[in-house]
$ cat entry21.csv   # CSV, N, CA and C atoms
chain,number,residue,atom,x,y,z
J,212,MET,N,0.8,-1.2,0.0
J,212,MET,CA,0.0,0.0,0.0
J,212,MET,C,0.9,1.2,0.0
J,213,ALA,N,0.6,2.1,-1.0
J,213,ALA,CA,1.4,3.4,-1.0
J,213,ALA,C,0.7,4.4,-0.2
J,214,LYS,N,1.4,5.2,0.5
J,214,LYS,CA,0.9,6.3,1.3
J,214,LYS,C,1.4,7.6,0.6
J,215,GLY,N,0.5,8.5,0.5
J,215,GLY,CA,0.9,9.8,-0.1
J,215,GLY,C,-0.2,10.9,0.1
J,216,ILE,N,0.0,12.0,-0.6
J,216,ILE,CA,-0.9,13.1,-0.5
J,216,ILE,C,-2.2,12.8,-1.3
J,217,MET,N,-3.3,12.9,-0.8
J,217,MET,CA,-4.6,12.6,-1.4
J,217,MET,C,-5.0,13.8,-2.3
J,218,LEU,N,-5.7,13.5,-3.4
J,218,LEU,CA,-6.2,14.5,-4.3
J,218,LEU,C,-7.8,14.5,-4.2
J,219,ASP,N,-8.4,15.6,-4.4
J,219,ASP,CA,-9.9,15.6,-4.5
J,219,ASP,C,-10.4,15.2,-5.9
J,220,ASN,N,-11.7,15.2,-6.1
J,220,ASN,CA,-12.2,14.8,-7.4
J,220,ASN,C,-11.8,15.6,-8.6
J,221,ASP,N,-11.3,16.9,-8.3
J,221,ASP,CA,-10.9,17.8,-9.3
J,221,ASP,C,-9.4,17.6,-9.6
J,222,GLY,N,-8.7,16.8,-8.8
J,222,GLY,CA,-7.2,16.6,-9.0
J,222,GLY,C,-6.4,17.6,-8.2
J,223,ASP,N,-7.1,18.4,-7.3
J,223,ASP,CA,-6.4,19.3,-6.4
J,223,ASP,C,-6.0,18.6,-5.1
J,224,ILE,N,-5.0,19.1,-4.5
J,224,ILE,CA,-4.5,18.6,-3.2
J,224,ILE,C,-5.6,18.7,-2.2
J,225,ARG,N,-6.0,17.7,-1.5
J,225,ARG,CA,-7.0,17.7,-0.5
J,225,ARG,C,-6.4,18.3,0.8
J,226,ILE,N,-7.0,19.3,1.3
J,226,ILE,CA,-6.6,19.9,2.6
J,226,ILE,C,-7.7,20.0,3.5
J,227,THR,N,-7.6,19.4,4.7
J,227,THR,CA,-8.5,19.4,5.8
J,227,THR,C,-7.7,19.6,7.1
J,228,ASP,N,-7.6,20.7,7.6
J,228,ASP,CA,-6.7,21.0,8.7
J,228,ASP,C,-5.3,20.5,8.4
J,229,GLY,N,-4.8,20.7,7.2
J,229,GLY,CA,-3.5,20.3,6.7
J,229,GLY,C,-3.7,19.3,5.6
J,230,LEU,N,-2.5,18.9,5.0
J,230,LEU,CA,-2.6,17.9,3.9
J,230,LEU,C,-3.2,16.6,4.4
J,231,VAL,N,-4.0,16.0,3.5
J,231,VAL,CA,-4.6,14.7,3.8
J,231,VAL,C,-3.7,13.6,3.2
J,232,VAL,N,-3.2,12.7,4.1
J,232,VAL,CA,-2.4,11.6,3.6
J,232,VAL,C,-3.2,10.3,3.8
J,233,GLY,N,-3.0,9.4,2.8
J,233,GLY,CA,-3.8,8.2,2.9
J,233,GLY,C,-3.3,7.2,1.8
J,234,ASN,N,-4.0,6.1,1.7
J,234,ASN,CA,-3.7,5.1,0.7
J,234,ASN,C,-3.9,5.7,-0.7
J,235,THR,N,-2.8,5.7,-1.5
J,235,THR,CA,-2.9,6.3,-2.9
J,235,THR,C,-2.9,5.3,-4.0
J,236,ASP,N,-3.1,4.0,-3.7
J,236,ASP,CA,-3.0,3.0,-4.7
J,236,ASP,C,-3.9,3.3,-5.9
J,237,GLN,N,-5.2,3.4,-5.6
J,237,GLN,CA,-6.2,3.6,-6.7
J,237,GLN,C,-6.0,5.0,-7.3
J,238,GLN,N,-5.6,6.0,-6.5
J,238,GLN,CA,-5.4,7.3,-7.0
J,238,GLN,C,-4.3,7.3,-8.0
J,239,ASN,N,-3.2,6.6,-7.7
J,239,ASN,CA,-2.0,6.5,-8.7
J,239,ASN,C,-2.5,5.8,-10.0
J,240,ALA,N,-3.3,4.7,-9.8
J,240,ALA,CA,-3.8,4.0,-11.0
J,240,ALA,C,-4.7,4.9,-11.9
J,241,GLU,N,-5.5,5.7,-11.2
J,241,GLU,CA,-6.4,6.6,-12.0
J,241,GLU,C,-5.6,7.7,-12.7
J,242,LEU,N,-4.5,8.2,-12.1
J,242,LEU,CA,-3.7,9.2,-12.7
J,242,LEU,C,-3.0,8.6,-13.9
J,243,LEU,N,-2.5,7.3,-13.8
J,243,LEU,CA,-1.9,6.7,-15.0
J,243,LEU,C,-2.9,6.5,-16.1
J,244,LEU,N,-4.1,6.2,-15.8
J,244,LEU,CA,-5.2,6.0,-16.8
J,244,LEU,C,-5.4,7.3,-17.6
J,245,LEU,N,-5.5,8.4,-16.8
J,245,LEU,CA,-5.8,9.7,-17.4
J,245,LEU,C,-4.7,10.5,-18.1
J,246,THR,N,-3.4,10.1,-17.7
J,246,THR,CA,-2.2,10.7,-18.3
J,246,THR,C,-1.9,10.2,-19.7
J,247,ASN,N,-1.6,11.1,-20.6
J,247,ASN,CA,-1.2,10.7,-21.9
J,247,ASN,C,0.3,10.6,-22.0
J,248,LYS,N,0.8,9.8,-22.9
J,248,LYS,CA,2.3,9.8,-23.1
J,248,LYS,C,2.7,11.2,-23.6
J,249,GLY,N,3.7,11.8,-23.0
J,249,GLY,CA,4.2,13.1,-23.4
J,249,GLY,C,3.6,14.2,-22.4
J,250,ASP,N,2.7,13.9,-21.6
J,250,ASP,CA,2.2,14.9,-20.6
J,250,ASP,C,3.2,15.2,-19.5
J,251,LEU,N,4.0,14.3,-19.2
J,251,LEU,CA,5.0,14.5,-18.1
J,251,LEU,C,6.4,14.7,-18.7
J,252,LYS,N,6.9,15.9,-18.6
J,252,LYS,CA,8.2,16.2,-19.2
J,252,LYS,C,9.3,15.3,-18.7
J,253,TYR,N,9.3,15.0,-17.4
J,253,TYR,CA,10.3,14.2,-16.8
J,253,TYR,C,10.1,12.7,-17.1
J,254,ALA,N,9.0,12.3,-17.6
J,254,ALA,CA,8.7,10.9,-17.9
J,254,ALA,C,7.8,10.8,-19.1
J,255,PRO,N,8.3,11.1,-20.3
J,255,PRO,CA,7.5,11.2,-21.5
J,255,PRO,C,6.8,9.9,-22.0
J,256,THR,N,7.3,8.8,-21.5
J,256,THR,CA,6.7,7.5,-22.0
J,256,THR,C,5.7,7.0,-21.0
J,257,THR,N,5.4,7.8,-19.9
J,257,THR,CA,4.4,7.4,-18.9
J,257,THR,C,3.0,7.9,-19.3
J,258,GLY,N,2.1,7.0,-19.1
J,258,GLY,CA,0.7,7.3,-19.3
J,258,GLY,C,0.0,6.3,-20.2
J,259,ILE,N,-1.3,6.1,-19.9
J,259,ILE,CA,-2.1,5.1,-20.7
J,259,ILE,C,-2.9,5.8,-21.7
J,260,GLY,N,-3.4,7.0,-21.4
J,260,GLY,CA,-4.3,7.7,-22.4
J,260,GLY,C,-5.6,7.1,-22.6
J,261,LEU,N,-6.3,6.8,-21.5
J,261,LEU,CA,-7.6,6.2,-21.6
J,261,LEU,C,-8.6,6.9,-22.5
J,262,GLU,N,-8.5,8.2,-22.6
J,262,GLU,CA,-9.5,8.9,-23.4
J,262,GLU,C,-9.3,8.5,-24.9
J,263,ASP,N,-8.1,8.3,-25.3
J,263,ASP,CA,-7.9,7.8,-26.7
J,263,ASP,C,-8.5,6.5,-27.0
J,264,TYR,N,-8.5,5.6,-26.0
J,264,TYR,CA,-9.1,4.3,-26.2
J,264,TYR,C,-10.6,4.4,-26.2
J,265,LEU,N,-11.1,5.3,-25.4
J,265,LEU,CA,-12.6,5.5,-25.3
J,265,LEU,C,-13.2,6.1,-26.6
J,266,SER,N,-12.3,6.9,-27.3
J,266,SER,CA,-12.8,7.5,-28.5
J,266,SER,C,-12.8,6.5,-29.7
J,267,SER,N,-12.3,5.3,-29.5
J,267,SER,CA,-12.2,4.3,-30.6
J,267,SER,C,-13.3,3.3,-30.4
J,268,PRO,N,-13.7,2.6,-31.4
J,268,PRO,CA,-14.7,1.5,-31.2
J,268,PRO,C,-14.1,0.5,-30.3
J,269,LEU,N,-15.0,0.0,-29.4
J,269,LEU,CA,-14.5,-1.0,-28.4
J,269,LEU,C,-14.5,-2.4,-28.9
J,270,THR,N,-13.5,-2.7,-29.7
J,270,THR,CA,-13.4,-4.0,-30.3
J,270,THR,C,-12.6,-4.9,-29.4
J,271,TYR,N,-12.5,-6.2,-29.7
J,271,TYR,CA,-11.7,-7.1,-28.9
J,271,TYR,C,-10.2,-6.6,-28.9
J,272,ILE,N,-9.7,-6.2,-30.1
J,272,ILE,CA,-8.3,-5.8,-30.2
J,272,ILE,C,-8.1,-4.5,-29.4
J,273,THR,N,-9.0,-3.6,-29.4
J,273,THR,CA,-8.9,-2.4,-28.5
J,273,THR,C,-8.8,-2.8,-27.1
J,274,ARG,N,-9.7,-3.7,-26.6
J,274,ARG,CA,-9.7,-4.1,-25.2
J,274,ARG,C,-8.4,-4.8,-24.9
J,275,VAL,N,-7.8,-5.6,-25.7
J,275,VAL,CA,-6.6,-6.3,-25.4
J,275,VAL,C,-5.4,-5.3,-25.4
J,276,LYS,N,-5.4,-4.3,-26.3
J,276,LYS,CA,-4.3,-3.3,-26.3
J,276,LYS,C,-4.4,-2.5,-25.0
J,277,LEU,N,-5.6,-2.1,-24.6
J,277,LEU,CA,-5.8,-1.3,-23.4
J,277,LEU,C,-5.3,-2.1,-22.2
J,278,GLU,N,-5.7,-3.4,-22.1
J,278,GLU,CA,-5.3,-4.2,-20.9
J,278,GLU,C,-3.8,-4.4,-20.9
J,279,ASN,N,-3.2,-4.6,-22.1
J,279,ASN,CA,-1.7,-4.7,-22.1
J,279,ASN,C,-1.0,-3.4,-21.7
J,280,GLU,N,-1.5,-2.3,-22.2
J,280,GLU,CA,-0.9,-1.0,-21.8
J,280,GLU,C,-1.1,-0.7,-20.3
J,281,ILE,N,-2.2,-1.1,-19.7
J,281,ILE,CA,-2.4,-0.9,-18.3
J,281,ILE,C,-1.4,-1.7,-17.5
J,282,GLY,N,-1.2,-3.0,-17.9
J,282,GLY,CA,-0.3,-3.9,-17.3
J,282,GLY,C,1.1,-3.3,-17.4
J,283,LEU,N,1.5,-2.9,-18.5
J,283,LEU,CA,2.9,-2.3,-18.7
J,283,LEU,C,3.1,-1.1,-17.9
J,284,GLN,N,2.2,-0.2,-17.9
J,284,GLN,CA,2.4,1.1,-17.2
J,284,GLN,C,2.3,1.0,-15.7
J,285,VAL,N,1.5,0.1,-15.2
J,285,VAL,CA,1.4,-0.1,-13.8
J,285,VAL,C,2.7,-0.8,-13.3
J,286,GLU,N,3.2,-1.8,-14.1
J,286,GLU,CA,4.5,-2.4,-13.7
J,286,GLU,C,5.6,-1.4,-13.8
J,287,LYS,N,5.7,-0.6,-14.8
J,287,LYS,CA,6.7,0.5,-14.9
J,287,LYS,C,6.6,1.4,-13.7
J,288,ASP,N,5.4,1.6,-13.2
J,288,ASP,CA,5.2,2.5,-12.0
J,288,ASP,C,5.4,1.8,-10.7
J,289,GLN,N,5.9,0.5,-10.8
J,289,GLN,CA,6.2,-0.3,-9.6
J,289,GLN,C,5.0,-0.7,-8.9
J,290,GLY,N,3.9,-0.9,-9.6
J,290,GLY,CA,2.7,-1.4,-9.0
J,290,GLY,C,2.4,-2.8,-9.4
J,291,ILE,N,1.4,-3.4,-8.8
J,291,ILE,CA,1.0,-4.8,-9.2
J,291,ILE,C,-0.5,-4.7,-9.5
J,292,VAL,N,-0.9,-5.2,-10.7
J,292,VAL,CA,-2.3,-5.3,-11.0
J,292,VAL,C,-2.9,-6.5,-10.3
J,293,LYS,N,-3.9,-6.2,-9.4
J,293,LYS,CA,-4.5,-7.3,-8.7
J,293,LYS,C,-5.8,-7.8,-9.5
J,294,GLU,N,-6.4,-6.9,-10.1
J,294,GLU,CA,-7.6,-7.2,-10.9
J,294,GLU,C,-7.7,-6.3,-12.1
J,295,LEU,N,-8.0,-6.8,-13.2
J,295,LEU,CA,-8.1,-6.0,-14.5
J,295,LEU,C,-9.1,-6.8,-15.3
J,296,GLU,N,-10.2,-6.1,-15.6
J,296,GLU,CA,-11.3,-6.7,-16.4
J,296,GLU,C,-11.9,-5.6,-17.2
J,297,MET,N,-11.9,-5.7,-18.5
J,297,MET,CA,-12.6,-4.8,-19.4
J,297,MET,C,-13.8,-5.5,-20.0
J,298,LYS,N,-15.0,-5.0,-19.6
J,298,LYS,CA,-16.2,-5.7,-20.0
J,298,LYS,C,-16.6,-5.2,-21.4
J,299,PRO,N,-17.4,-6.0,-22.1
J,299,PRO,CA,-17.8,-5.6,-23.5
J,299,PRO,C,-18.5,-4.3,-23.5
J,300,ASN,N,-19.2,-3.9,-22.4
J,300,ASN,CA,-20.0,-2.6,-22.4
J,300,ASN,C,-19.1,-1.4,-22.1
J,301,GLY,N,-17.7,-1.7,-21.9
J,301,GLY,CA,-16.8,-0.6,-21.7
J,301,GLY,C,-16.5,-0.3,-20.3
J,302,THR,N,-17.1,-1.1,-19.3
J,302,THR,CA,-16.8,-0.9,-17.9
J,302,THR,C,-15.4,-1.5,-17.7
J,303,LEU,N,-14.5,-0.7,-17.0
J,303,LEU,CA,-13.2,-1.1,-16.6
J,303,LEU,C,-13.1,-1.3,-15.1
J,304,LEU,N,-12.7,-2.6,-14.7
J,304,LEU,CA,-12.5,-2.9,-13.3
J,304,LEU,C,-11.0,-3.0,-13.1
J,305,LEU,N,-10.4,-2.2,-12.3
J,305,LEU,CA,-9.0,-2.2,-12.1
J,305,LEU,C,-8.7,-2.0,-10.6
J,306,GLU,N,-7.9,-2.9,-10.1
J,306,GLU,CA,-7.4,-2.8,-8.7
J,306,GLU,C,-5.9,-3.0,-8.7
J,307,VAL,N,-5.2,-2.0,-8.2
J,307,VAL,CA,-3.7,-2.0,-8.2
J,307,VAL,C,-3.2,-1.8,-6.8
J,308,THR,N,-2.1,-2.4,-6.5
J,308,THR,CA,-1.4,-2.2,-5.2
J,308,THR,C,0.0,-1.7,-5.5
J,309,TYR,N,0.6,-1.0,-4.6
J,309,TYR,CA,1.9,-0.5,-4.7
J,309,TYR,C,2.6,-0.8,-3.4
J,310,GLY,N,3.9,-1.1,-3.5
J,310,GLY,CA,4.8,-1.3,-2.3
J,310,GLY,C,4.6,-2.6,-1.7
$ encode --input "entry21.csv" --output "structure tokens"
Amino acid sequence: MAKGIMLDNDGDIRITDGLVVGNTDQQNAELLLLTNKGDLKYAPTTGIGLEDYLSSPLTYITRVKLENEIGLQVEKDQGIVKELEMKPNGTLLLEVTYG
């Protein structure tokens, strides 16, 4: 379990009588999903770019590519994919742990 600074739903640092620190495993995975390659100057190959996948038809090949990219990016981020399932209706189930 990774501990870190928690973000709110808008991606801003959560502050309640100081910085809020907690389990950031799912938060880290969500940030990987939303980040595109090239967004981070210090890590240009980091990011899954979920939005690009969602703008494509959800074919079997698209689902496999997305699942592979998630696995690669989480591993590169030193996480472990505990659960990954892309349902035909587009629902993504993802559970990741760090540390």
$ select_by_dssp --input "entry21.csv" --residues "chain J" --states "strand (DSSP E or B)" --output "ChimeraX atom specification"
/J:214-216,218,224,226,230,232-234,290-297,303-309
$ select_by_dssp --input "entry21.csv" --residues "chain J" --states "alpha helix (DSSP H)" --output "VMD selection string"
chain J and resid 236 to 245 261 to 265 271 to 287
$ residues_around --input "entry21.csv" --residues "range 294-306 of chain J" --least-positions-apart "6" --cutoff "8 Å" --atoms "only N, CA and C atoms" --output "PDB file with N, CA and C atoms, in the coordinates of the input"
ATOM      1  N   ASP J 236      -3.100   4.000  -3.700  1.00  0.00           N
ATOM      2  CA  ASP J 236      -3.000   3.000  -4.700  1.00  0.00           C
ATOM      3  C   ASP J 236      -3.900   3.300  -5.900  1.00  0.00           C
ATOM      4  N   GLN J 237      -5.200   3.400  -5.600  1.00  0.00           N
ATOM      5  CA  GLN J 237      -6.200   3.600  -6.700  1.00  0.00           C
ATOM      6  C   GLN J 237      -6.000   5.000  -7.300  1.00  0.00           C
ATOM      7  N   ALA J 240      -3.300   4.700  -9.800  1.00  0.00           N
ATOM      8  CA  ALA J 240      -3.800   4.000 -11.000  1.00  0.00           C
ATOM      9  C   ALA J 240      -4.700   4.900 -11.900  1.00  0.00           C
ATOM     10  N   LEU J 269     -15.000   0.000 -29.400  1.00  0.00           N
ATOM     11  CA  LEU J 269     -14.500  -1.000 -28.400  1.00  0.00           C
ATOM     12  C   LEU J 269     -14.500  -2.400 -28.900  1.00  0.00           C
ATOM     13  N   THR J 270     -13.500  -2.700 -29.700  1.00  0.00           N
ATOM     14  CA  THR J 270     -13.400  -4.000 -30.300  1.00  0.00           C
ATOM     15  C   THR J 270     -12.600  -4.900 -29.400  1.00  0.00           C
ATOM     16  N   ARG J 274      -9.700  -3.700 -26.600  1.00  0.00           N
ATOM     17  CA  ARG J 274      -9.700  -4.100 -25.200  1.00  0.00           C
ATOM     18  C   ARG J 274      -8.400  -4.800 -24.900  1.00  0.00           C
ATOM     19  N   VAL J 275      -7.800  -5.600 -25.700  1.00  0.00           N
ATOM     20  CA  VAL J 275      -6.600  -6.300 -25.400  1.00  0.00           C
ATOM     21  C   VAL J 275      -5.400  -5.300 -25.400  1.00  0.00           C
ATOM     22  N   GLU J 278      -5.700  -3.400 -22.100  1.00  0.00           N
ATOM     23  CA  GLU J 278      -5.300  -4.200 -20.900  1.00  0.00           C
ATOM     24  C   GLU J 278      -3.800  -4.400 -20.900  1.00  0.00           C
TER      25      GLU J 278
END
$ atom_distance --input "entry21.csv" --atom1 "atom N of Ile281 in chain J" --atom2 "CA of Ile259 in chain J"
6.3 Å
$ closest_residue --input "entry21.csv" --among "J:Leu261, J:Leu230, J:Val285, J:Val292" --to "Ile216 in chain J" --atoms "all atoms listed in the file"
J:Leu230
$ atom_distance --input "entry21.csv" --atom1 "CA of Lys293 in chain J" --atom2 "CA of Gly258 in chain J"
18.8 Å
$ residues_around --input "entry21.csv" --residues "Val232 in chain J" --least-positions-apart "4" --cutoff "8 Å" --atoms "all atoms listed in the file" --output "list in words"
Lys214, Gly215, Ile216, Met217, Leu218 and Arg225 of chain J
$ closest_residue --input "entry21.csv" --among "J:Thr227, J:Asn247, J:Thr256, J:Thr308" --to "Gln289 in chain J" --atoms "only C-alpha atoms"
J:Thr308
$ residues_around --input "entry21.csv" --residues "Gly260 in chain J" --least-positions-apart "3" --cutoff "7 Å" --atoms "all atoms listed in the file" --output "MDAnalysis selection string"
chainID J and resid 243:248 257 263:265
$ write_last_selection --input "entry21.csv" --atoms "N, CA and C atoms" --output "mmCIF file, in the frame of the given file"
data_model
loop_
_atom_site.group_PDB
_atom_site.id
_atom_site.type_symbol
_atom_site.label_atom_id
_atom_site.label_comp_id
_atom_site.auth_asym_id
_atom_site.auth_seq_id
_atom_site.Cartn_x
_atom_site.Cartn_y
_atom_site.Cartn_z
ATOM 1 N N LEU J 243 -2.500 7.300 -13.800
ATOM 2 C CA LEU J 243 -1.900 6.700 -15.000
ATOM 3 C C LEU J 243 -2.900 6.500 -16.100
ATOM 4 N N LEU J 244 -4.100 6.200 -15.800
ATOM 5 C CA LEU J 244 -5.200 6.000 -16.800
ATOM 6 C C LEU J 244 -5.400 7.300 -17.600
ATOM 7 N N LEU J 245 -5.500 8.400 -16.800
ATOM 8 C CA LEU J 245 -5.800 9.700 -17.400
ATOM 9 C C LEU J 245 -4.700 10.500 -18.100
ATOM 10 N N THR J 246 -3.400 10.100 -17.700
ATOM 11 C CA THR J 246 -2.200 10.700 -18.300
ATOM 12 C C THR J 246 -1.900 10.200 -19.700
ATOM 13 N N ASN J 247 -1.600 11.100 -20.600
ATOM 14 C CA ASN J 247 -1.200 10.700 -21.900
ATOM 15 C C ASN J 247 0.300 10.600 -22.000
ATOM 16 N N LYS J 248 0.800 9.800 -22.900
ATOM 17 C CA LYS J 248 2.300 9.800 -23.100
ATOM 18 C C LYS J 248 2.700 11.200 -23.600
ATOM 19 N N THR J 257 5.400 7.800 -19.900
ATOM 20 C CA THR J 257 4.400 7.400 -18.900
ATOM 21 C C THR J 257 3.000 7.900 -19.300
ATOM 22 N N ASP J 263 -8.100 8.300 -25.300
ATOM 23 C CA ASP J 263 -7.900 7.800 -26.700
ATOM 24 C C ASP J 263 -8.500 6.500 -27.000
ATOM 25 N N TYR J 264 -8.500 5.600 -26.000
ATOM 26 C CA TYR J 264 -9.100 4.300 -26.200
ATOM 27 C C TYR J 264 -10.600 4.400 -26.200
ATOM 28 N N LEU J 265 -11.100 5.300 -25.400
ATOM 29 C CA LEU J 265 -12.600 5.500 -25.300
ATOM 30 C C LEU J 265 -13.200 6.100 -26.600
#
$ atom_distance --input "entry21.csv" --atom1 "CA of Ile291 in chain J" --atom2 "CA of Lys276 in chain J"
18.0 Å
$ closest_residue --input "entry21.csv" --among "J:Leu277, J:Met212, J:Ile226, J:Ala254" --to "Gln238 in chain J" --atoms "only C-alpha atoms"
J:Met212
$ decode --input "entry21.csv" --residues "range 261-287 of chain J" --atoms "N, CA and C atoms" --output "short mmCIF file (atom, residue, chain, number, x, y, z; two decimals), in the first residue's frame"
data_model
loop_
_atom_site.label_atom_id
_atom_site.label_comp_id
_atom_site.auth_asym_id
_atom_site.auth_seq_id
_atom_site.Cartn_x
_atom_site.Cartn_y
_atom_site.Cartn_z
N LEU J 261 -6.30 6.84 -21.53
CA LEU J 261 -7.60 6.16 -21.59
C LEU J 261 -8.57 6.86 -22.53
N GLU J 262 -8.53 8.17 -22.57
CA GLU J 262 -9.46 8.92 -23.43
C GLU J 262 -9.31 8.53 -24.90
N ASP J 263 -8.09 8.26 -25.33
CA ASP J 263 -7.86 7.83 -26.72
C ASP J 263 -8.52 6.49 -26.99
N TYR J 264 -8.46 5.58 -26.02
CA TYR J 264 -9.09 4.28 -26.19
C TYR J 264 -10.61 4.40 -26.21
N LEU J 265 -11.14 5.31 -25.40
CA LEU J 265 -12.59 5.47 -25.32
C LEU J 265 -13.17 6.11 -26.57
N SER J 266 -12.34 6.85 -27.31
CA SER J 266 -12.82 7.48 -28.53
C SER J 266 -12.76 6.52 -29.72
N SER J 267 -12.25 5.31 -29.51
CA SER J 267 -12.19 4.29 -30.55
C SER J 267 -13.32 3.29 -30.35
N PRO J 268 -13.71 2.58 -31.42
CA PRO J 268 -14.69 1.51 -31.23
C PRO J 268 -14.13 0.46 -30.27
N LEU J 269 -14.96 -0.03 -29.39
CA LEU J 269 -14.52 -0.98 -28.36
C LEU J 269 -14.53 -2.40 -28.93
N THR J 270 -13.53 -2.69 -29.74
CA THR J 270 -13.39 -4.03 -30.32
C THR J 270 -12.56 -4.90 -29.38
N TYR J 271 -12.50 -6.17 -29.71
CA TYR J 271 -11.67 -7.09 -28.93
C TYR J 271 -10.22 -6.63 -28.93
N ILE J 272 -9.73 -6.21 -30.09
CA ILE J 272 -8.33 -5.77 -30.21
C ILE J 272 -8.07 -4.53 -29.36
N THR J 273 -9.01 -3.60 -29.36
CA THR J 273 -8.87 -2.39 -28.54
C THR J 273 -8.80 -2.76 -27.06
N ARG J 274 -9.67 -3.68 -26.63
CA ARG J 274 -9.67 -4.10 -25.23
C ARG J 274 -8.35 -4.76 -24.86
N VAL J 275 -7.83 -5.62 -25.71
CA VAL J 275 -6.55 -6.30 -25.44
C VAL J 275 -5.41 -5.29 -25.38
N LYS J 276 -5.39 -4.34 -26.32
CA LYS J 276 -4.35 -3.31 -26.31
C LYS J 276 -4.40 -2.49 -25.02
N LEU J 277 -5.60 -2.11 -24.59
CA LEU J 277 -5.75 -1.33 -23.37
C LEU J 277 -5.30 -2.13 -22.15
N GLU J 278 -5.72 -3.38 -22.06
CA GLU J 278 -5.31 -4.23 -20.94
C GLU J 278 -3.79 -4.38 -20.90
N ASN J 279 -3.17 -4.59 -22.06
CA ASN J 279 -1.71 -4.72 -22.12
C ASN J 279 -1.02 -3.42 -21.69
N GLU J 280 -1.53 -2.29 -22.17
CA GLU J 280 -0.94 -1.00 -21.83
C GLU J 280 -1.07 -0.72 -20.33
N ILE J 281 -2.21 -1.06 -19.75
CA ILE J 281 -2.39 -0.88 -18.30
C ILE J 281 -1.37 -1.72 -17.54
N GLY J 282 -1.24 -2.98 -17.93
CA GLY J 282 -0.27 -3.86 -17.26
C GLY J 282 1.15 -3.33 -17.35
N LEU J 283 1.55 -2.88 -18.54
CA LEU J 283 2.89 -2.33 -18.74
C LEU J 283 3.13 -1.08 -17.91
N GLN J 284 2.19 -0.16 -17.94
CA GLN J 284 2.36 1.12 -17.25
C GLN J 284 2.34 0.95 -15.73
N VAL J 285 1.48 0.09 -15.21
CA VAL J 285 1.43 -0.14 -13.76
C VAL J 285 2.73 -0.80 -13.30
N GLU J 286 3.22 -1.76 -14.07
CA GLU J 286 4.48 -2.42 -13.72
C GLU J 286 5.64 -1.42 -13.75
N LYS J 287 5.66 -0.57 -14.76
CA LYS J 287 6.69 0.46 -14.88
C LYS J 287 6.63 1.43 -13.70
#
